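In what follows, a structure is listed as structure tokens, so that the remarks can point back to it.
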Amino acid sequence: MSKFCLFMFEGGAPVVKDVVDGADEHLIGEAEKIAVALGRMFPGLCEVVLHDLRDPRHAIRTIENNLSGRRVGDSATELGLARIADPEYPSVLQNYPNRFPDGRPVKSTSIGLKNAAGEYIAALCLNLDVSVLSPVTLALSNLVATETEHREQPLETLRDRNTRELRQTVEELAAERAATPRSLSRQDKKALVRQLYQDGYFDSRDAAQTIADLLGVSRATVYNYSK
């Protein structure tokens with residue numbers, strides 16, 4: 001907590017008392033209102049997190065529209081620690097690429113908040129789930145396309161598929177059904193998994209777990225769907 005020294009005199013001798021600076025707490029309280037309002041304006045789309053950088057081990061003070069699975073009281077991110085260590089660190093980082101723990105692509109913005117002494121005491125972070133927009137993107141691409149491209153079935157098993165390819169394929173297959181991977185019905189998820197199996201994606205290491213994370217199901221369920 002930020003503090004200032006209050007000098008008082010008792011019997012002619014100075015006494016120094018540490019007093020909590022209520023201005024910092026007031027500033028963070030006002031930022032908390034903004035975090036809640038922004039999150040509730042974009043439900044299911046944009047996660048808004050307020051970090052209290054005065055306590056980096058338990059920095060998350062508010063998390064509205066939780067999409068990352070973090071909790072209030074969780075520690076600060078590397079970006080937050082960088083701000084604590086360097087008051088000259090950029091106050092605004094706009095629209096940088098990021099990812100949620102389950103692999104969904106994110107566009108993030110982080111805003112550092114300084115107190116009157118020029119110290120970073122909080123950070124307001126917005127994480128936009130851009131995977132939700134993939135069905136819209138695909139629909140617009142199809143609308144302006146001048147040629148129709150057909151997906152060709154492979155004549156042999158495809159190997160060495162990397163995780164990035166797999167995530168992109170899952171998102172594209174879900175977008176073709178006008179949905180995100182997690183919002184697909186059980187039958188559509190089963191059909192998607194079987195398509196991935198036929199295309200050889202299960203030959204990649206950890207493919208089943210990656211697919212499970214993207215679809216929001218267990219690894220065992222993915223294997224059951226592939227049968």
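Following the order of the structure tokens, first chain is A, next is B, and so on, with residues numbered from 1 inside each chain and ligands from 1 in the order they appear.
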Neighbour list for Ala35 of chain A as a ChimeraX atom specification, cut-off 12 Å, only C-alpha atoms, skip fewer than 2 positions in-chain: /A:28-33,37-42,46-51,60-66,110-111,122-127
Per residue of segment 26-68 of chain A within 8 Å of segment 82-101 of chain A, note the shortest atom pair and the distance in Å to one decimal, counting only C-alpha atoms, and order the rows by chain and increasing residue number, as a tab-separated table.
```
residue	atom	partner	partner_atom	distance
A:Leu53	CA	A:Ile84	CA	6.8
A:Leu67	CA	A:Phe100	CA	7.6
A:Ser68	CA	A:Phe100	CA	5.5
```
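Across the structure, atom CA of Arg54 of chain A and atom CA of Lys114 of chain A are spaced 11.1 Å apart.
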Between atom CA of Arg177 of chain A and atom CA of Thr210 of chain A, what is the distance, to one decimal in Å?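 Distance reported for this atom pair: 20.0 Å.
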Taking only C-alpha atoms into account, name the residue in A:Gln209, A:Lys227, A:Arg182, A:Gly103 that is nearest to Tyr197 of chain A.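 Using only C-alpha atoms, the shortest distance to Tyr197 of chain A belongs to A:Lys227.
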Among listed residues A:Ala76, A:Tyr225, A:His26, A:Ala208, nearest Val193 of chain A (using only C-alpha atoms):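 Counting only C-alpha atoms, the residue closest to Val193 of chain A is A:Tyr225.
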All residues 12 Å or closer to Ala191 of chain A, only C-alpha atoms, same chain fewer than 6 positions away omitted, as JSON, numbers by chain: {"A": [170, 173, 174, 177, 181, 184, 185, 197, 198, 222, 224, 225, 226, 227]}
Å distance separating atom CA of Gln195 of chain A from atom CA of Gly216 of chain A, one decimal place: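 Interatomic distance, atom CA of Gln195 of chain A to atom CA of Gly216 of chain A: 17.5 Å.
Counting only C-alpha atoms, the residue from A:Lys189, A:Arg57, A:Arg194, A:Lys107 that sits nearest to Val217 of chain A is A:Lys189.
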Which residue, A:Gly80, A:Thr163, A:Leu192, A:Thr180, has the smallest gap to Asp206 of chain A when you use only C-alpha atoms? A:Thr163
Of the candidates A:Pro105, A:Pro43, A:Gly112, A:Gly22, which one gets nearest to Leu214 of chain A if we count only C-alpha atoms?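 Among the listed residues, A:Pro105 lies closest to Leu214 of chain A.
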Closest of A:Asp102, A:Asp203, A:Glu119, A:Asp55 to Asp74 of chain A - atom-to-atom distances counting only C-alpha atoms: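 Once distances to Asp74 of chain A are computed over only C-alpha atoms, the minimum belongs to A:Asp55.
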Those of segment 51-224 of chain A in DSSP strand (DSSP E or B), formatted as an MDAnalysis selection string: chainID A and resid 51:52 60:64 92:99 105:114 120:129
